[in-house]
Each structure stands twice: as structure tokens, then as C-alpha cells.
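Have a look at the structure below, then the notes.
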Amino acid sequence: MKNFLLVGNGAREHAVADAICKNNGVRLFAFMGAKNPGIVALCDKSNGEYLIGDICNGKEVAKWAISKGVSLAFPSPDAVLEAGVVDALERAGIKCAAPVREAARIEWDKAYARELMRDFGVEGCPRFGIFEKEEEAASFIRSLKGKVVVKPVGLTGGKGVRVAGVHLKDEEAAILYAKEVLQKKIGGKAQVVLEEKLEGEEFTLQAFSDGKTLSFMPLVQDHKLAYVGEKGPNTGGMGSYSQEDGLLPFVTDAQCEKAKGIMRKVIAAFEKKTSLRYRGVLYGQFMLTKKGPMVIEFNARFGDPEAMNVLSLLKSDLYSIFEKMSSGTLGENDALFEKKASVCKYLVPEGYPIKSITDQPLKIDEGKIRKSGARICYASVYEKEGIIYTQSSRSIGVMGFGKTIFEAEKIAEGACAAVEGKIWHREDIGTREFIQKKVEKMKGLLIW
Ligand code: AMP
Ligand code: GLY
């Protein structure tokens, strides 16, 4: 038996645990910040164990991993990677399939990521500037005529970025927010990244990387805004979908290849700059624009919810992929996926994301969900005496699969209806009408 360590406890990590446990030779050991009932069940089933503790404390994680005879680890969330948990595990002699702190910098330092692209001539980089002085920031915003995105440099749990026309009503609002980021050191540092606002449709491209070779996953589109019709405040992501051929209804094969090329160049640039190899999952968030795919950001991990779409469709053994990533022997075609579409919808507490109503019991008809071919991953919930209760963040990721996105969407909706309680979700994600609008929007931008 192989003892595998997973660090993290969200729905994304539940999806990783599910995929890992398809290999009967693996025992799952999970180090979690809070008890995820789905991961706990998989630890039990695989004869593994779990521990609740501070997931960012590398020393504690490594101590427990050694005591359990762990041979391979996957620390998953962004904060854990920034805290250097991978570095601590490696110092303890445990192999990892995730990036060391310096490599994860591509996510936790937005200024670093942009400079890497600029200095090594990686295409797809919008016009940007990095500022420490309020006046210089203000004059850059004016030079972009207010068409700007204001980004704190560090991690803000997806809530620090503000976009003109979406969260910032005009040039003055953008200047005020840039000043606030500098004064309050939002994101951990008195520095702000300002970027040209890109217009188009966003998509996610994820890849497994051993530092030399990338093995790509199907494209996914996430939906960050809270309410139906792309309205309301930002969230961690309300749901996502993928298409049976690995592309998206508004992304061509050539555009996808271009995005892949950008990601290959980024890991090559990282090696040139640091002499280190980027090992781990590389997440590229792109905006498909009139000029082709442009980079919004890179993450050093799976997306949440995007991990649920792709890992549910993974045909290859995830443990072997992780092993090859850690040993630098990954092949381009090592990750194979079912040719099916997927739709994931997040059930979230009433009041989310402004003021969630917490501690509400959920009645889950598991039989109905299983019978329809749908699946669920637990996120921010807890279990008490056999009943699942909500917490303040996203509760459950519900996934449907099918020959087309629309078939998968109906299955996901049916499964959402099989969960009762004080929760809601976005009904529009993956529907024909909504996707048609995206396609029309891209046609309007004259890229076809
Ligand atoms: P991030 O935290 O960098 O993923 O940014 C959050 C959201 O802000 C993204 O999902 C985009 O919708 C938006 N965004 C970030 N950068 C840009 C940009 N340069 N142009 C347009 N939208 C952007
Ligand atoms: N779904 C966006 C993210 O994981 O960053």
C-alpha cells in the first residue's frame, strides 16, 4: 500500500481525494483545517487517517506525515503553498506533486508573475504597471482612461481585485481604491498592480507539470459573480462547465493551442529566472479577446470549482500522475479524460456571499443523486449526528455529466433539487440560453 497525504479540506480537495482513492493501492491521509465529511469517509474507506490542525504549519504537517509513513504528498490550497508546506515536507524527505514556495510565487505575488511574463517576452500580457506611490498609480489610471483593473499584489482570497465598470464606477473610484490598497497594505504589501481592462470571455486552462512537460486538462469556464445573469458581488466561483471535446463553445482549437503555448513558455521562463523547475498544477486564467487569449493570472493549484469538473472526468490514475510530476517523468499524454461534458453548480447558504445564514441542516437524497449519475463534493459544511449543516462559505459542489453541456446541466439541476435546506445556486450556469449569449458576445467582438 502507498500512503498519500492530502493537505486541505474544501470541495476541490474532496475531488482530489475521490480521484486518488480510485486507486485501490492507496491509503488516504488527510491533514485538514476543518473536518470535510467527504474526505473523512474516503480516509476511512481506504484505511487511512485524518488530522485536524493548522494546515499552514509545515512543521506540524511534516511531523504527522512522517509518523504515518507518507511517501507522496499534495498540499493543495494557495495559502498552504505560500506558507511553504511543500518545502517543509521536502526537507523531511517526503516527495510532493505541488510547488515549493518560490514556485508558487507565480500566484501569491501578482507583480512577480507580470514581471516574469514581461522580462521573458511571454505573449498574452496586458499593459500593466506596479506602483508604490499614490500619485504615480493615479496618473497610470488616468493614462488608461479609467479602463483599469486594480489588484493587490498578494493573496486576498479572490476578493481583492476590482474591475472598472464592474466594481469601480469610474476613474476616480479606481484611484481611490488604488490608494486604499497602498495605505491599508491590502494583500500584505504597500504595492498595487494596475492593468489594462481586457474585454472578452474568460476561460481556465489547467495542466499537470513536472517542470519540463505539461499535461493539459480540458478547458473550463468558471462564474465568479454571485447572481444569475452575471450580476452581484464576487465569490470564490458559483459554478463551472466543460465541453465534451475539451474546448468551450466560444474557444477554437487554435486559440486553445495558443493558451497552451503561453503556459509552456511561462514554466520555461520560470526555470530560466530561478534555475528551479515548476512542479505542480499550473492554472492559467485567460481572457479570450479580439487579439486572442490574454493572461488574467496564474495560480499554482487546481481551481475551485474547476477541479471538480476535470478530476471527475480523469480516466488516468491520479496517483501515478502525481508520482511522475514529483520525479520529473511526466509525459504530455499521461492525463487522459472521458469525452464527456460536465457542469458543476455550487449550493451556497442563503445570504451568501454578503451575510450567510449558517448552521442550517441539509437533507440530501443521496440515492436520487447517485441514480442520476450526478456527484457531490462537500465544501464548507460539517456533520453532526449524521446530519450535514451549512457554514458561511460555499456548501456543496453538485456535478452532472453528459454527452453535451446541456445534458450535463439538466443532471446537475436535478441533483441540486435533491438537496433541501436554506441554500441556493445559480440556475443559469451551463444552460443553452446563457451559453448562446456568450457565443454571440464573442462574435460581436469580431474574432470569428
Ligand atoms: P483574479 O483574482 O486576478 O483572478 O481577478 C479576479 C477577476 O477580475 C477575474 O476573474 C477577472 O474577471 C477580473 N480581471 C482580472 N484581471 C483582469 C483584466 N486585466 N481585465 C479584465 N478583467 C480582469
Ligand atoms: N475558480 C477560481 C479559482 O480557483 O481561483
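Going by the C-alpha cells order, chains are called A, B, ..., each with residues numbered from 1, while ligands are numbered from 1 in the order shown.
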
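Residues of protein, DNA or RNA lying at most 7 Å from ligand 2, when only C-alpha atoms and all ligand atoms are considered, are Gly158, Asp222, Gly236, Gly237, Asn299, Phe302, Gly303, Asp304, Pro305 and Glu306 of chain A.
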
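Excluding A:Val439 itself and any same-chain residue fewer than 3 positions from it, the protein and nucleic acid residues within 7 Å of it, counting only C-alpha atoms, are Pro249, Phe250, Ile435, Gln436, Met442 and Lys443 of chain A.
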
Write out, as a compact mmCIF listing (two decimals), in the first residue's frame, the residues just selected, with all heavy atoms.
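Listing of selection_18.txt after writing:
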```
# COMPACT_ATOMS: atom_id res chain seq x y z
N PRO A 249 -17.60 26.39 -25.98
CA PRO A 249 -18.40 26.80 -27.14
C PRO A 249 -17.86 28.05 -27.84
O PRO A 249 -18.14 28.28 -29.00
CB PRO A 249 -19.77 27.09 -26.54
CG PRO A 249 -19.81 26.29 -25.29
CD PRO A 249 -18.41 26.23 -24.78
N PHE A 250 -17.06 28.85 -27.14
CA PHE A 250 -16.55 30.08 -27.76
C PHE A 250 -15.02 30.06 -27.92
O PHE A 250 -14.41 31.08 -28.22
CB PHE A 250 -16.97 31.31 -26.93
CG PHE A 250 -16.57 31.20 -25.48
CD1 PHE A 250 -15.33 31.66 -25.06
CD2 PHE A 250 -17.41 30.62 -24.56
CE1 PHE A 250 -14.93 31.54 -23.74
CE2 PHE A 250 -17.03 30.49 -23.23
CZ PHE A 250 -15.79 30.94 -22.82
N ILE A 435 -25.26 30.18 -22.56
CA ILE A 435 -24.06 29.91 -23.34
C ILE A 435 -24.16 30.57 -24.72
O ILE A 435 -23.19 31.13 -25.24
CB ILE A 435 -23.79 28.40 -23.43
CG1 ILE A 435 -23.29 27.94 -22.05
CG2 ILE A 435 -22.79 28.06 -24.53
CD1 ILE A 435 -22.96 26.52 -21.90
N GLN A 436 -25.38 30.56 -25.28
CA GLN A 436 -25.59 31.22 -26.57
C GLN A 436 -25.21 32.70 -26.48
O GLN A 436 -24.58 33.24 -27.39
CB GLN A 436 -27.06 31.03 -26.99
CG GLN A 436 -27.32 31.30 -28.46
CD GLN A 436 -26.40 30.49 -29.37
OE1 GLN A 436 -26.09 29.33 -29.09
NE2 GLN A 436 -25.90 31.10 -30.44
N MET A 442 -18.89 36.93 -28.17
CA MET A 442 -17.58 36.77 -28.81
C MET A 442 -17.67 37.07 -30.31
O MET A 442 -16.76 37.65 -30.87
CB MET A 442 -17.01 35.37 -28.57
CG MET A 442 -16.54 35.11 -27.16
SD MET A 442 -15.59 36.44 -26.42
CE MET A 442 -14.09 36.40 -27.38
N LYS A 443 -18.78 36.68 -30.94
CA LYS A 443 -18.96 37.00 -32.37
C LYS A 443 -18.98 38.51 -32.53
O LYS A 443 -18.41 39.05 -33.47
CB LYS A 443 -20.27 36.41 -32.89
CG LYS A 443 -20.14 34.95 -33.25
CD LYS A 443 -21.44 34.49 -33.95
CE LYS A 443 -21.40 33.02 -34.23
NZ LYS A 443 -22.74 32.45 -34.36
```

Quiz item: Residues at most 9 Å from ligand 1, using only C-alpha atoms and all ligand atoms? Could they come as a PyMOL selection string?
Solution: chain A and resi 110+125-128+147-151+155-164+194-202+222-225+234+285-287+294-299

Give me a file of those residues, with C-alpha atoms, as a PDB file, in the first residue's frame.
```pdb
ATOM      1  CA  LYS A 110       0.962  39.224  -8.897  1.00  0.00           C
ATOM      2  CA  CYS A 125       0.410  40.023 -21.090  1.00  0.00           C
ATOM      3  CA  PRO A 126      -1.848  43.102 -20.884  1.00  0.00           C
ATOM      4  CA  ARG A 127      -0.427  46.600 -20.369  1.00  0.00           C
ATOM      5  CA  PHE A 128       0.395  46.873 -16.666  1.00  0.00           C
ATOM      6  CA  LYS A 147     -10.299  51.199 -18.243  1.00  0.00           C
ATOM      7  CA  VAL A 148      -8.325  49.582 -15.471  1.00  0.00           C
ATOM      8  CA  VAL A 149      -8.169  46.663 -13.064  1.00  0.00           C
ATOM      9  CA  VAL A 150      -6.756  47.305  -9.584  1.00  0.00           C
ATOM     10  CA  LYS A 151      -5.002  44.334  -7.951  1.00  0.00           C
ATOM     11  CA  LEU A 155      -3.400  36.699  -1.824  1.00  0.00           C
ATOM     12  CA  THR A 156      -6.792  38.110  -0.831  1.00  0.00           C
ATOM     13  CA  GLY A 157      -8.970  35.011  -1.076  1.00  0.00           C
ATOM     14  CA  GLY A 158     -10.208  36.122  -4.516  1.00  0.00           C
ATOM     15  CA  LYS A 159     -11.770  39.277  -3.076  1.00  0.00           C
ATOM     16  CA  GLY A 160      -9.124  41.984  -3.576  1.00  0.00           C
ATOM     17  CA  VAL A 161      -9.262  42.551  -7.357  1.00  0.00           C
ATOM     18  CA  ARG A 162     -11.590  45.328  -8.560  1.00  0.00           C
ATOM     19  CA  VAL A 163     -12.513  45.943 -12.166  1.00  0.00           C
ATOM     20  CA  ALA A 164     -13.599  49.274 -13.693  1.00  0.00           C
ATOM     21  CA  LEU A 194      -2.685  48.162 -12.271  1.00  0.00           C
ATOM     22  CA  GLU A 195      -3.679  46.562 -15.545  1.00  0.00           C
ATOM     23  CA  GLU A 196      -5.459  47.441 -18.738  1.00  0.00           C
ATOM     24  CA  LYS A 197      -9.016  46.057 -18.548  1.00  0.00           C
ATOM     25  CA  LEU A 198      -9.423  43.223 -21.033  1.00  0.00           C
ATOM     26  CA  GLU A 199     -12.737  42.620 -22.812  1.00  0.00           C
ATOM     27  CA  GLY A 200     -13.980  39.178 -23.777  1.00  0.00           C
ATOM     28  CA  GLU A 201     -14.897  35.830 -22.192  1.00  0.00           C
ATOM     29  CA  GLU A 202     -12.808  34.145 -19.516  1.00  0.00           C
ATOM     30  CA  ASP A 222     -15.986  29.391 -14.047  1.00  0.00           C
ATOM     31  CA  HIS A 223     -18.544  32.017 -12.944  1.00  0.00           C
ATOM     32  CA  LYS A 224     -17.267  34.347 -10.234  1.00  0.00           C
ATOM     33  CA  LEU A 225     -20.195  36.737  -9.861  1.00  0.00           C
ATOM     34  CA  ASN A 234     -17.527  38.467  -6.472  1.00  0.00           C
ATOM     35  CA  GLN A 285      -6.829  32.047 -16.268  1.00  0.00           C
ATOM     36  CA  PHE A 286      -7.312  33.621 -19.682  1.00  0.00           C
ATOM     37  CA  MET A 287      -9.495  36.252 -21.268  1.00  0.00           C
ATOM     38  CA  MET A 294      -4.610  37.071 -22.825  1.00  0.00           C
ATOM     39  CA  VAL A 295      -3.497  36.121 -19.331  1.00  0.00           C
ATOM     40  CA  ILE A 296      -5.582  37.298 -16.355  1.00  0.00           C
ATOM     41  CA  GLU A 297      -3.455  35.403 -13.836  1.00  0.00           C
ATOM     42  CA  PHE A 298      -1.678  32.179 -12.992  1.00  0.00           C
ATOM     43  CA  ASN A 299      -2.434  30.032  -9.973  1.00  0.00           C
TER      44      ASN A 299
END
```

Self-check item: Nearby residues (only C-alpha atoms) at most 12 Å from A:Trp64, same-chain spacing under 2 positions excluded, as a VMD selection string
Solution: chain A and resid 5 to 7 29 to 32 49 to 55 57 to 62 66 to 70 73 88 to 89 92 94

Quiz item: Which polymer residues have any atom within 12 Å of an atom of A:Ala417, counting only C-alpha atoms, with same-chain residues fewer than 5 positions away left out, as a PyMOL selection string?
Solution: chain A and resi 345+347+362-366+368-369+372+374+398+410-412+423-425+427

For N, CA and C atoms, I'd like the residues from the last selection saved as a CSV table (one decimal), in the first residue's frame.
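And here is the file that came out, selection.csv:
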```csv
chain,number,residue,atom,x,y,z
A,345,LYS,N,-22.4,23.0,-10.2
A,345,LYS,CA,-23.1,24.2,-9.6
A,345,LYS,C,-22.8,24.1,-8.1
A,347,LEU,N,-23.9,24.8,-4.4
A,347,LEU,CA,-25.0,25.2,-3.5
A,347,LEU,C,-24.4,26.1,-2.4
A,362,LEU,N,-29.0,20.2,6.1
A,362,LEU,CA,-29.3,19.9,4.7
A,362,LEU,C,-29.9,18.5,4.6
A,363,LYS,N,-30.9,18.3,3.8
A,363,LYS,CA,-31.5,17.0,3.6
A,363,LYS,C,-31.0,16.5,2.2
A,364,ILE,N,-30.1,15.5,2.2
A,364,ILE,CA,-29.5,15.2,0.9
A,364,ILE,C,-30.1,13.8,0.5
A,365,ASP,N,-30.7,13.7,-0.7
A,365,ASP,CA,-31.2,12.5,-1.2
A,365,ASP,C,-30.1,11.8,-2.0
A,366,GLU,N,-29.2,11.1,-1.3
A,366,GLU,CA,-28.1,10.5,-2.0
A,366,GLU,C,-28.4,9.5,-3.1
A,368,LYS,N,-31.1,9.4,-5.0
A,368,LYS,CA,-31.5,10.1,-6.2
A,368,LYS,C,-30.3,10.7,-7.0
A,369,ILE,N,-29.4,11.2,-6.2
A,369,ILE,CA,-28.2,11.8,-6.9
A,369,ILE,C,-27.4,10.8,-7.6
A,372,SER,N,-29.0,9.3,-10.8
A,372,SER,CA,-28.9,10.2,-12.0
A,372,SER,C,-27.5,10.3,-12.6
A,374,ALA,N,-25.2,11.9,-11.1
A,374,ALA,CA,-24.6,13.1,-10.6
A,374,ALA,C,-23.6,12.8,-9.4
A,398,VAL,N,-22.2,20.4,-6.8
A,398,VAL,CA,-23.0,19.4,-7.4
A,398,VAL,C,-22.7,19.3,-8.9
A,410,LYS,N,-28.8,19.6,-17.1
A,410,LYS,CA,-30.1,19.1,-16.6
A,410,LYS,C,-29.8,18.1,-15.4
A,411,ILE,N,-28.8,17.3,-15.5
A,411,ILE,CA,-28.5,16.3,-14.5
A,411,ILE,C,-28.0,17.1,-13.2
A,412,ALA,N,-27.2,18.1,-13.4
A,412,ALA,CA,-26.8,18.9,-12.2
A,412,ALA,C,-28.0,19.6,-11.6
A,423,ILE,N,-30.5,27.0,1.2
A,423,ILE,CA,-29.4,27.1,0.3
A,423,ILE,C,-29.9,27.6,-1.1
A,424,TRP,N,-29.0,28.1,-2.0
A,424,TRP,CA,-29.5,28.5,-3.3
A,424,TRP,C,-28.3,28.3,-4.3
A,425,HIS,N,-28.6,28.4,-5.6
A,425,HIS,CA,-27.5,28.2,-6.5
A,425,HIS,C,-27.9,29.0,-7.8
A,427,GLU,N,-29.0,29.1,-11.3
A,427,GLU,CA,-29.7,28.2,-12.3
A,427,GLU,C,-29.1,28.4,-13.7
```

Self-check item: Which of stretch 198-438 of chain A fall in alpha helix (DSSP H), as a ChimeraX atom specification
Solution: /A:253-274,306-313,318-327,366-371,405-416,432-438

Quiz item: Of the candidates A:Val122, A:Ala98, A:Leu311, A:Ala335, which shows the shortest atom-to-atom distance to A:Cys21, using only C-alpha atoms?
Solution: A:Leu311

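Residues in contact with A:Tyr241 at up to 6 Å, not including ones fewer than 2 positions away on its chain and judged by only C-alpha atoms, are A:Val220, A:Gln221, A:Ser342, A:Val343.
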
Saved selection, atoms kept: C-alpha atoms, as a PDB file, in the first residue's frame:
```pdb
ATOM      1  CA  VAL A 220     -13.384  25.026 -18.044  1.00  0.00           C
ATOM      2  CA  GLN A 221     -15.367  28.216 -17.613  1.00  0.00           C
ATOM      3  CA  SER A 342     -19.545  18.435 -17.138  1.00  0.00           C
ATOM      4  CA  VAL A 343     -21.480  21.075 -15.239  1.00  0.00           C
TER       5      VAL A 343
END
```

Quiz prompt | All strand (DSSP E or B) residues (DSSP, backbone) inside stretch 195-327 of chain A, as a PyMOL selection string | solution = chain A and resi 195-196+201-210+214-216+220-222+225-227+231-234+239-242+248+251+279-289+292-299+314
